[in-house]
file start_21.csv (CSV, C-alpha atoms and all ligand atoms)
chain,number,residue,atom,x,y,z
A,25,MET,CA,-28.7,-31.2,-29.1
A,26,GLU,CA,-27.8,-28.4,-26.7
A,27,LEU,CA,-25.2,-29.2,-24.0
A,28,LEU,CA,-25.5,-26.8,-21.1
A,29,TYR,CA,-22.4,-27.4,-19.1
A,30,ASP,CA,-18.8,-28.7,-19.2
A,31,LEU,CA,-17.4,-30.2,-16.1
A,32,HIS,CA,-14.2,-31.8,-17.5
A,33,THR,CA,-11.7,-29.0,-17.9
A,34,HIS,CA,-8.2,-28.2,-16.7
A,35,THR,CA,-6.4,-25.1,-15.5
A,36,ILE,CA,-2.7,-24.3,-15.2
A,37,ALA,CA,-2.7,-26.2,-11.9
A,38,SER,CA,-2.7,-29.4,-13.9
A,39,GLY,CA,0.8,-28.5,-15.0
A,40,HIS,CA,0.2,-29.3,-18.7
A,41,ALA,CA,-2.8,-27.0,-19.2
A,42,TYR,CA,-2.6,-23.3,-20.1
A,43,SER,CA,-5.4,-21.2,-18.7
A,44,THR,CA,-6.3,-19.9,-15.3
A,45,ILE,CA,-9.6,-20.5,-13.5
A,46,MET,CA,-10.8,-17.0,-14.4
A,47,GLU,CA,-9.9,-17.3,-18.0
A,48,ASN,CA,-11.9,-20.5,-18.1
A,49,VAL,CA,-14.9,-19.1,-16.2
A,50,ARG,CA,-15.1,-15.9,-18.3
A,51,PHE,CA,-15.0,-17.9,-21.5
A,52,ALA,CA,-17.6,-20.4,-20.3
A,53,HIS,CA,-19.9,-17.6,-19.4
A,54,GLU,CA,-19.2,-15.8,-22.7
A,55,ILE,CA,-20.2,-18.8,-24.8
A,56,GLY,CA,-23.4,-19.2,-22.8
A,57,LEU,CA,-22.8,-22.3,-20.6
A,58,LYS,CA,-25.2,-22.6,-17.7
A,59,ALA,CA,-22.6,-24.2,-15.5
A,60,TYR,CA,-18.9,-24.7,-15.6
A,61,GLY,CA,-16.6,-26.9,-13.7
A,62,PHE,CA,-12.8,-27.4,-13.5
A,63,SER,CA,-11.3,-30.7,-12.7
A,64,ASP,CA,-7.6,-30.6,-12.4
A,65,HIS,CA,-5.5,-33.7,-12.3
A,66,ALA,CA,-5.0,-35.1,-8.8
A,67,PRO,CA,-1.5,-35.2,-7.4
A,68,ALA,CA,-0.3,-38.6,-8.7
A,69,LEU,CA,-0.1,-37.3,-12.3
A,70,ASP,CA,3.4,-36.1,-12.9
A,71,GLY,CA,3.5,-32.3,-12.8
A,72,SER,CA,0.1,-31.7,-11.4
A,73,THR,CA,-0.7,-29.8,-8.2
A,74,ASN,CA,-0.8,-30.9,-4.6
A,75,GLU,CA,-3.5,-31.9,-2.1
A,76,LEU,CA,-3.8,-28.5,-0.5
A,77,TYR,CA,-5.0,-27.0,-3.9
A,78,PHE,CA,-8.1,-29.1,-3.6
A,79,VAL,CA,-8.5,-28.8,0.1
A,80,ASN,CA,-8.7,-24.9,-0.1
A,81,PHE,CA,-11.6,-24.9,-2.6
A,82,ARG,CA,-13.9,-23.1,-0.1
A,83,VAL,CA,-12.4,-19.8,-1.3
A,84,ILE,CA,-13.7,-20.3,-4.8
A,85,PRO,CA,-16.9,-18.4,-5.6
A,86,ARG,CA,-19.4,-20.9,-6.9
A,87,GLU,CA,-21.2,-18.4,-9.2
A,88,TYR,CA,-20.1,-16.0,-11.9
A,89,LYS,CA,-22.7,-13.6,-13.4
A,90,GLY,CA,-25.5,-16.2,-13.0
A,91,MET,CA,-23.4,-19.1,-14.2
A,92,LYS,CA,-22.8,-21.9,-11.7
A,93,VAL,CA,-19.2,-22.7,-11.0
A,94,TYR,CA,-18.0,-26.1,-9.6
A,95,ALA,CA,-14.6,-27.1,-8.3
A,96,GLY,CA,-13.9,-30.7,-9.0
A,97,VAL,CA,-11.0,-33.1,-9.5
A,98,GLU,CA,-10.0,-35.7,-12.0
A,99,ALA,CA,-8.6,-38.4,-9.7
A,100,ASN,CA,-6.3,-41.1,-10.9
A,101,ILE,CA,-7.2,-44.7,-10.5
A,102,MET,CA,-4.0,-46.2,-9.1
A,103,ASP,CA,-4.5,-50.0,-9.0
A,104,PHE,CA,-6.9,-52.7,-10.2
A,105,ASP,CA,-8.9,-52.4,-7.0
A,106,GLY,CA,-9.9,-48.9,-8.1
A,107,ASN,CA,-8.1,-47.0,-5.4
A,108,LEU,CA,-7.7,-43.3,-6.1
A,109,ASP,CA,-4.8,-40.9,-5.4
A,110,ILE,CA,-6.8,-38.6,-3.2
A,111,GLY,CA,-7.2,-38.6,0.5
A,112,GLY,CA,-10.2,-38.1,2.8
A,113,LYS,CA,-9.8,-34.4,3.0
A,114,ILE,CA,-10.2,-33.9,-0.7
A,115,TYR,CA,-13.4,-35.9,-0.9
A,116,GLU,CA,-15.1,-33.4,1.4
A,117,ARG,CA,-13.9,-30.3,-0.3
A,118,VAL,CA,-14.5,-30.9,-4.0
A,119,ASP,CA,-17.9,-30.6,-5.7
A,120,TYR,CA,-17.4,-33.7,-7.9
A,121,ILE,CA,-14.9,-36.4,-8.8
A,122,ILE,CA,-14.1,-37.8,-12.2
A,123,ALA,CA,-12.1,-41.1,-11.9
A,124,SER,CA,-9.8,-41.9,-14.8
A,125,LEU,CA,-7.1,-44.3,-15.9
A,126,HIS,CA,-4.0,-42.6,-17.1
A,127,THR,CA,-0.9,-44.5,-18.4
A,128,LEU,CA,1.4,-42.2,-16.3
A,129,CYS,CA,-0.2,-43.6,-13.2
A,130,ILE,CA,-1.2,-47.2,-14.0
A,131,GLU,CA,0.0,-49.6,-16.7
A,132,PRO,CA,-2.9,-51.0,-18.7
A,133,GLY,CA,-4.1,-54.4,-17.6
A,134,SER,CA,-6.3,-57.2,-19.1
A,135,VAL,CA,-10.0,-56.6,-19.7
A,136,ASP,CA,-10.7,-58.2,-16.2
A,137,GLU,CA,-8.2,-56.0,-14.5
A,138,ASN,CA,-9.3,-52.8,-16.2
A,139,MET,CA,-12.9,-53.6,-15.3
A,140,ARG,CA,-12.0,-54.3,-11.7
A,141,ALA,CA,-10.3,-50.9,-11.6
A,142,TYR,CA,-13.4,-49.1,-12.9
A,143,ILE,CA,-15.9,-51.1,-10.8
A,144,GLY,CA,-13.7,-50.5,-7.7
A,145,ALA,CA,-13.7,-46.7,-8.4
A,146,MET,CA,-17.5,-46.7,-9.0
A,147,SER,CA,-18.0,-48.4,-5.6
A,148,ASN,CA,-16.4,-45.3,-4.0
A,149,PRO,CA,-19.5,-43.3,-3.0
A,150,TYR,CA,-17.9,-40.0,-4.0
A,151,VAL,CA,-17.1,-41.0,-7.6
A,152,LYS,CA,-19.8,-39.8,-9.9
A,153,ILE,CA,-18.1,-39.8,-13.3
A,154,ILE,CA,-15.8,-42.3,-15.0
A,155,GLY,CA,-13.5,-40.3,-17.3
A,156,HIS,CA,-12.9,-41.3,-20.9
A,157,PRO,CA,-13.6,-45.0,-20.8
A,158,ASP,CA,-12.8,-45.2,-24.5
A,159,ASP,CA,-9.1,-46.0,-24.8
A,160,SER,CA,-8.1,-49.2,-26.6
A,161,ARG,CA,-5.0,-49.3,-24.5
A,162,TYR,CA,-7.3,-50.1,-21.6
A,163,PRO,CA,-9.6,-52.8,-23.1
A,164,LEU,CA,-13.0,-53.1,-21.5
A,165,ASP,CA,-16.2,-55.1,-21.5
A,166,TYR,CA,-18.6,-52.3,-22.4
A,167,GLU,CA,-21.7,-54.2,-21.7
A,168,GLU,CA,-20.6,-54.9,-18.2
A,169,LEU,CA,-19.4,-51.3,-17.8
A,170,ALA,CA,-22.8,-49.9,-18.7
A,171,LYS,CA,-24.5,-52.2,-16.3
A,172,GLN,CA,-22.2,-51.5,-13.5
A,173,ALA,CA,-22.6,-47.7,-14.0
A,174,VAL,CA,-26.3,-48.0,-13.5
A,175,LYS,CA,-25.8,-50.2,-10.5
A,176,HIS,CA,-23.5,-47.6,-8.9
A,177,SER,CA,-25.4,-44.5,-10.1
A,178,VAL,CA,-22.4,-43.3,-12.0
A,179,ALA,CA,-22.3,-41.4,-15.3
A,180,LEU,CA,-19.9,-42.5,-18.1
A,181,GLU,CA,-18.1,-39.8,-19.9
A,182,LEU,CA,-18.2,-39.1,-23.6
A,183,ASN,CA,-14.9,-37.3,-23.9
A,184,ASN,CA,-14.7,-34.8,-26.8
A,185,SER,CA,-10.9,-34.8,-26.8
A,186,SER,CA,-10.7,-38.5,-27.2
A,187,LEU,CA,-12.4,-38.1,-30.6
A,188,ASN,CA,-9.9,-35.6,-31.7
A,189,PRO,CA,-7.7,-37.2,-34.4
A,190,ASP,CA,-4.7,-36.0,-32.5
A,191,SER,CA,-5.7,-37.8,-29.3
A,192,VAL,CA,-3.3,-40.1,-27.5
A,193,ARG,CA,-6.2,-42.4,-26.6
A,194,LYS,CA,-6.6,-44.9,-29.4
A,195,GLY,CA,-9.8,-46.4,-31.0
A,196,ALA,CA,-12.0,-44.0,-29.1
A,197,ARG,CA,-14.6,-43.6,-31.9
A,198,GLU,CA,-15.3,-47.3,-32.2
A,199,ASN,CA,-15.2,-47.8,-28.4
A,200,ILE,CA,-17.6,-44.9,-27.8
A,201,LEU,CA,-20.0,-46.2,-30.4
A,202,THR,CA,-20.0,-49.6,-28.6
A,203,LEU,CA,-20.4,-47.8,-25.3
A,204,LEU,CA,-23.3,-45.8,-26.5
A,205,LYS,CA,-25.1,-48.9,-27.7
A,206,MET,CA,-24.7,-50.5,-24.3
A,207,CYS,CA,-25.7,-47.3,-22.4
A,208,GLU,CA,-28.9,-47.1,-24.5
A,209,LYS,CA,-29.6,-50.8,-23.8
A,210,TYR,CA,-29.2,-50.4,-20.0
A,211,GLY,CA,-30.4,-46.8,-19.6
A,212,THR,CA,-26.9,-45.6,-18.4
A,213,TYR,CA,-26.4,-41.9,-18.2
A,214,ILE,CA,-23.6,-40.3,-20.1
A,215,ILE,CA,-22.0,-36.9,-19.5
A,216,CYS,CA,-20.1,-35.0,-22.2
A,217,GLY,CA,-16.9,-33.4,-21.2
A,218,THR,CA,-14.4,-31.5,-23.4
A,219,ASP,CA,-11.3,-32.3,-21.3
A,220,ALA,CA,-10.2,-28.8,-22.3
A,221,HIS,CA,-6.6,-28.0,-21.5
A,222,ILE,CA,-6.9,-24.4,-22.8
A,223,TYR,CA,-9.9,-22.1,-22.4
A,224,THR,CA,-10.7,-22.0,-26.1
A,225,ASP,CA,-11.7,-25.7,-26.0
A,226,ILE,CA,-14.3,-25.2,-23.3
A,227,GLY,CA,-17.8,-26.1,-24.4
A,228,ASP,CA,-16.7,-27.3,-27.8
A,229,PHE,CA,-18.5,-30.6,-28.0
A,230,SER,CA,-18.4,-30.9,-31.8
A,231,PHE,CA,-17.0,-34.4,-32.1
A,232,ALA,CA,-19.2,-35.7,-29.3
A,233,LYS,CA,-22.3,-34.2,-30.8
A,234,GLU,CA,-21.6,-35.7,-34.2
A,235,LEU,CA,-21.2,-39.1,-32.7
A,236,LEU,CA,-24.3,-38.9,-30.6
A,237,LYS,CA,-26.2,-38.0,-33.7
A,238,GLU,CA,-24.7,-40.8,-35.7
A,239,ALA,CA,-25.6,-43.3,-32.9
A,240,LYS,CA,-29.1,-41.8,-32.6
A,241,PHE,CA,-28.5,-41.8,-28.9
A,242,PRO,CA,-31.5,-40.8,-26.7
A,243,GLU,CA,-31.2,-37.2,-25.5
A,244,GLU,CA,-32.7,-38.0,-22.1
A,245,LEU,CA,-29.6,-40.2,-21.3
A,246,VAL,CA,-27.2,-37.3,-21.9
A,247,LEU,CA,-27.0,-35.5,-18.5
A,248,ASN,CA,-25.7,-32.2,-20.0
A,249,THR,CA,-29.0,-31.6,-21.9
A,250,GLY,CA,-30.7,-30.4,-18.7
A,251,ILE,CA,-29.5,-28.5,-15.7
A,252,LYS,CA,-31.1,-31.1,-13.5
A,253,GLY,CA,-28.6,-33.6,-14.7
A,254,LEU,CA,-26.1,-31.8,-12.5
A,255,LYS,CA,-27.8,-33.3,-9.5
A,256,TYR,CA,-26.7,-36.7,-10.5
A,257,VAL,CA,-23.0,-35.9,-10.5
A,258,ILE,CA,-22.6,-32.9,-8.2
A,259,ASN,CA,-23.0,-33.6,-4.5
A,260,LYS,CA,-21.2,-35.1,-1.7
A,261,ASN,CA,-23.0,-38.3,-1.3
A,262,LYS,CA,-24.1,-40.5,-4.1
A,263,TYR,CA,-27.4,-39.6,-5.6
A,264,ASN,CA,-29.3,-42.9,-6.3
A,265,LYS,CA,-30.4,-43.3,-10.0
A,266,ALA,CA,-34.0,-44.3,-8.9
A,267,VAL,CA,-34.4,-41.3,-6.6
A,268,PHE,CA,-32.9,-39.0,-9.3
A,269,GLU,CA,-35.4,-40.1,-11.8
A,270,GLU,CA,-38.3,-39.8,-9.4
A,271,GLU,CA,-37.5,-36.2,-8.8
A,272,LEU,CA,-37.1,-35.3,-12.5
B,301,ZN,ZN,-4.5,-33.6,-18.7
B,302,ZN,ZN,-8.0,-37.8,-18.2
call {"tool": "encode", "arguments": {"input": "start_21.csv", "output": "structure tokens", "more": "lines below"}}
Ligand SMILES: [Zn+2]
Ligand SMILES: [Zn+2]
result
Amino acid sequence: MELLYDLHTHTIASGHAYSTIMENVRFAHEIGLKAYGFSDHAPALDGSTNELYFVNFRVIPREYKGMKVYAGVEANIMDFDGNLDIGGKIYERVDYIIASLHTLCIEPGSVDENMRAYIGAMSNPYVKIIGHPDDSRYPLDYEELAKQAVKHSVALELNNSSLNPDSVRKGARENILTLLKMCEKYGTYIICGTDAHIYTDIGDFSFAKELLKEAKFPEELVLNTGIKGLKYVINKNKYNKAVFEEEL
């Protein structure tokens, strides 16, 4: 399975990542990605950047030697209603939004509370990707999550870093296998992201690919296998799943 792009990556602006945008862009191009996106942590995560960083994205060239470049954000879900830590200005300036739960921003809740947090975030018309819903510290009802993602035309992320044995997120492998089963059942799109915090990890989907193979997950539900998959997650207003499939 060839994965053509990586939209979940970080730069030094995140405060705990170690490469610049250009180091990332050049590397992504070098390894042959068709598109590359950076998604720095939104301001509520300790040590990350400020709102203006995202508001000024108009200065970023969106192409490098034929490779598309996207400027996104990994927003923090701040409460169990799914509210994010980004304001109206950022919504208009970023190319895509990944919404994630991080322990530095929100204490894990019950299954019901965590589900409410994700469903609330998905109801935000700008949110296209739910980041790493694979952490046992935030228990979930994966069947309901897969259903709700279809309903809200949102992609669920298969995060390569979560599968790294060093990951702080616990139980990811088992949780992702359950998630994949449910996504197959309901026709939910997934998107692979490396969550690279240094340029050398960009485009390295080795753990994710292995698991997709093990799960015999249908390739057509993996958005990164086709450049058209970008349409589902990159735009300002939500791209309806039915319309997306009609245009495929
Ligand atoms: Zn990070
Ligand atoms: Zn994250």
call {"tool": "closest_atom_pairs", "arguments": {"input": "start_21.csv", "of": "chain A", "to": "ligand ZN 302 (chain B)", "cutoff": "12 Å", "atoms": "only C-alpha atoms and all ligand atoms", "output": "CSV"}}
result
residue,atom,partner,partner_atom,distance
A:His32,CA,B:ZN302,ZN,8.7
A:Thr33,CA,B:ZN302,ZN,9.6
A:His34,CA,B:ZN302,ZN,9.7
A:Ser38,CA,B:ZN302,ZN,10.8
A:His40,CA,B:ZN302,ZN,11.8
A:Ser63,CA,B:ZN302,ZN,9.6
A:Asp64,CA,B:ZN302,ZN,9.3
A:His65,CA,B:ZN302,ZN,7.6
A:Ala66,CA,B:ZN302,ZN,10.2
A:Leu69,CA,B:ZN302,ZN,9.9
A:Val97,CA,B:ZN302,ZN,10.3
A:Glu98,CA,B:ZN302,ZN,6.8
A:Ala99,CA,B:ZN302,ZN,8.5
A:Asn100,CA,B:ZN302,ZN,8.2
A:Ile101,CA,B:ZN302,ZN,10.4
A:Ile121,CA,B:ZN302,ZN,11.7
A:Ile122,CA,B:ZN302,ZN,8.6
A:Ala123,CA,B:ZN302,ZN,8.2
A:Ser124,CA,B:ZN302,ZN,5.6
A:Leu125,CA,B:ZN302,ZN,7.0
A:His126,CA,B:ZN302,ZN,6.3
A:Thr127,CA,B:ZN302,ZN,9.8
A:Leu128,CA,B:ZN302,ZN,10.6
A:Cys129,CA,B:ZN302,ZN,10.9
A:Ile153,CA,B:ZN302,ZN,11.4
A:Ile154,CA,B:ZN302,ZN,9.6
A:Gly155,CA,B:ZN302,ZN,6.1
A:His156,CA,B:ZN302,ZN,6.6
A:Pro157,CA,B:ZN302,ZN,9.5
A:Asp158,CA,B:ZN302,ZN,10.8
A:Asp159,CA,B:ZN302,ZN,10.6
A:Glu181,CA,B:ZN302,ZN,10.4
A:Leu182,CA,B:ZN302,ZN,11.6
A:Asn183,CA,B:ZN302,ZN,9.0
A:Asn184,CA,B:ZN302,ZN,11.3
A:Ser185,CA,B:ZN302,ZN,9.6
A:Ser186,CA,B:ZN302,ZN,9.4
A:Ser191,CA,B:ZN302,ZN,11.3
A:Val192,CA,B:ZN302,ZN,10.7
A:Arg193,CA,B:ZN302,ZN,9.7
A:Gly217,CA,B:ZN302,ZN,10.4
A:Thr218,CA,B:ZN302,ZN,10.4
A:Asp219,CA,B:ZN302,ZN,7.1
A:Ala220,CA,B:ZN302,ZN,10.1
A:His221,CA,B:ZN302,ZN,10.4
call {"tool": "atom_distance", "arguments": {"input": "start_21.csv", "atom1": "atom CA of A:Arg86", "atom2": "atom CA of A:Ile226"}}
result
17.7 Å
call {"tool": "closest_residue", "arguments": {"input": "start_21.csv", "among": "A:Val174, A:Val93, A:Ala232, A:Ile143", "to": "A:Ala266", "atoms": "only C-alpha atoms"}}
result
A:Val174
call {"tool": "atom_distance", "arguments": {"input": "start_21.csv", "atom1": "atom CA of A:Leu180", "atom2": "atom CA of A:Thr212"}}
result
7.7 Å
call {"tool": "atom_distance", "arguments": {"input": "start_21.csv", "atom1": "atom CA of A:Met206", "atom2": "atom CA of A:Tyr166"}}
result
6.6 Å
call {"tool": "closest_residue", "arguments": {"input": "start_21.csv", "among": "A:Leu235, A:Leu204, A:Ile84, A:Val257", "to": "A:Lys152", "atoms": "all atoms listed in the file"}}
result
A:Val257
call {"tool": "closest_residue", "arguments": {"input": "start_21.csv", "among": "A:Ile36, A:Leu247, A:Ala170, A:Ala41", "to": "ligand ZN 301 (chain B)", "atoms": "all atoms listed in the file"}}
result
A:Ala41
call {"tool": "closest_residue", "arguments": {"input": "start_21.csv", "among": "A:Asp70, A:Glu131, A:Glu234, A:Glu271", "to": "A:Asn188", "atoms": "only C-alpha atoms"}}
result
A:Glu234
call {"tool": "closest_residue", "arguments": {"input": "start_21.csv", "among": "A:Glu75, A:Met139, A:Ser134, A:Glu208", "to": "A:Val246", "atoms": "only C-alpha atoms"}}
result
A:Glu208
call {"tool": "residues_around", "arguments": {"input": "start_21.csv", "residues": "A:Ser177", "least_positions_apart": "4", "cutoff": "6 Å", "atoms": "all atoms listed in the file", "output": "number ranges by chain"}}
result
A: 173, 264-265
call {"tool": "write_last_selection", "arguments": {"input": "start_21.csv", "atoms": "C-alpha atoms", "output": "compact mmCIF listing (two decimals), keeping the file's coordinate frame"}}
result
# COMPACT_ATOMS: atom_id res chain seq x y z
CA ALA A 173 -22.60 -47.70 -14.00
CA ASN A 264 -29.30 -42.90 -6.30
CA LYS A 265 -30.40 -43.30 -10.00
call {"tool": "closest_residue", "arguments": {"input": "start_21.csv", "among": "A:His176, A:Ile222, A:Leu76, A:Gly111", "to": "ligand ZN 301 (chain B)", "atoms": "all atoms listed in the file"}}
result
A:Ile222
call {"tool": "residues_around", "arguments": {"input": "start_21.csv", "residues": "stretch 28-31 of chain A", "least_positions_apart": "6", "cutoff": "8 Å", "atoms": "all atoms listed in the file", "output": "PyMOL selection string"}}
result
chain A and resi 57-63+94+96+216-218+226-227+248-251
call {"tool": "residues_near_point", "arguments": {"input": "start_21.csv", "point": "(-15.4, -57.7, -20.9)", "cutoff": "10 Å", "atoms": "all atoms listed in the file", "output": "list in words"}}
result
Ser134, Val135, Asp136, Glu137, Asn138, Met139, Pro163, Leu164, Asp165, Tyr166, Glu167, Glu168 and Leu169 of chain A
call {"tool": "decode", "arguments": {"input": "start_21.csv", "residues": "stretch 206-221 of chain A", "atoms": "N, CA, C and O atoms", "output": "short mmCIF file (atom, residue, chain, number, x, y, z; two decimals), in the first residue's frame"}}
result
data_model
loop_
_atom_site.label_atom_id
_atom_site.label_comp_id
_atom_site.auth_asym_id
_atom_site.auth_seq_id
_atom_site.Cartn_x
_atom_site.Cartn_y
_atom_site.Cartn_z
N MET A 206 -14.30 -1.56 13.03
CA MET A 206 -15.52 -0.73 13.01
C MET A 206 -15.56 0.18 11.79
O MET A 206 -16.61 0.43 11.21
N CYS A 207 -14.40 0.68 11.40
CA CYS A 207 -14.35 1.55 10.22
C CYS A 207 -14.71 0.75 8.97
O CYS A 207 -15.39 1.26 8.08
N GLU A 208 -14.26 -0.49 8.93
CA GLU A 208 -14.60 -1.34 7.78
C GLU A 208 -16.11 -1.59 7.76
O GLU A 208 -16.76 -1.51 6.72
N LYS A 209 -16.67 -1.86 8.95
CA LYS A 209 -18.10 -2.14 9.06
C LYS A 209 -18.96 -0.97 8.59
O LYS A 209 -19.97 -1.16 7.91
N TYR A 210 -18.55 0.25 8.94
CA TYR A 210 -19.39 1.42 8.65
C TYR A 210 -18.90 2.25 7.45
O TYR A 210 -19.49 3.26 7.11
N GLY A 211 -17.79 1.81 6.83
CA GLY A 211 -17.28 2.57 5.68
C GLY A 211 -16.67 3.91 6.08
O GLY A 211 -16.76 4.89 5.34
N THR A 212 -16.04 3.92 7.25
CA THR A 212 -15.44 5.16 7.75
C THR A 212 -14.04 5.34 7.16
O THR A 212 -13.24 4.41 7.17
N TYR A 213 -13.76 6.55 6.68
CA TYR A 213 -12.42 6.81 6.15
C TYR A 213 -11.41 6.97 7.28
O TYR A 213 -11.69 7.59 8.30
N ILE A 214 -10.23 6.42 7.04
CA ILE A 214 -9.13 6.70 7.95
C ILE A 214 -8.03 7.43 7.19
O ILE A 214 -7.95 7.36 5.96
N ILE A 215 -7.23 8.15 7.94
CA ILE A 215 -6.08 8.85 7.34
C ILE A 215 -4.87 8.51 8.19
O ILE A 215 -4.94 8.53 9.42
N CYS A 216 -3.78 8.13 7.53
CA CYS A 216 -2.56 7.80 8.27
C CYS A 216 -1.76 9.08 8.47
O CYS A 216 -1.61 9.89 7.55
N GLY A 217 -1.25 9.24 9.67
CA GLY A 217 -0.39 10.38 9.96
C GLY A 217 0.80 9.88 10.76
O GLY A 217 0.67 8.95 11.56
N THR A 218 1.97 10.48 10.51
CA THR A 218 3.14 10.00 11.26
C THR A 218 3.25 10.67 12.63
O THR A 218 3.84 10.12 13.54
N ASP A 219 2.71 11.90 12.75
CA ASP A 219 2.89 12.68 13.98
C ASP A 219 4.38 12.91 14.20
O ASP A 219 4.86 12.90 15.34
N ALA A 220 5.11 13.15 13.10
CA ALA A 220 6.55 13.37 13.18
C ALA A 220 6.86 14.62 13.98
O ALA A 220 6.26 15.67 13.77
N HIS A 221 7.82 14.50 14.89
CA HIS A 221 8.29 15.66 15.65
C HIS A 221 9.73 16.00 15.26
O HIS A 221 10.37 16.85 15.87
#
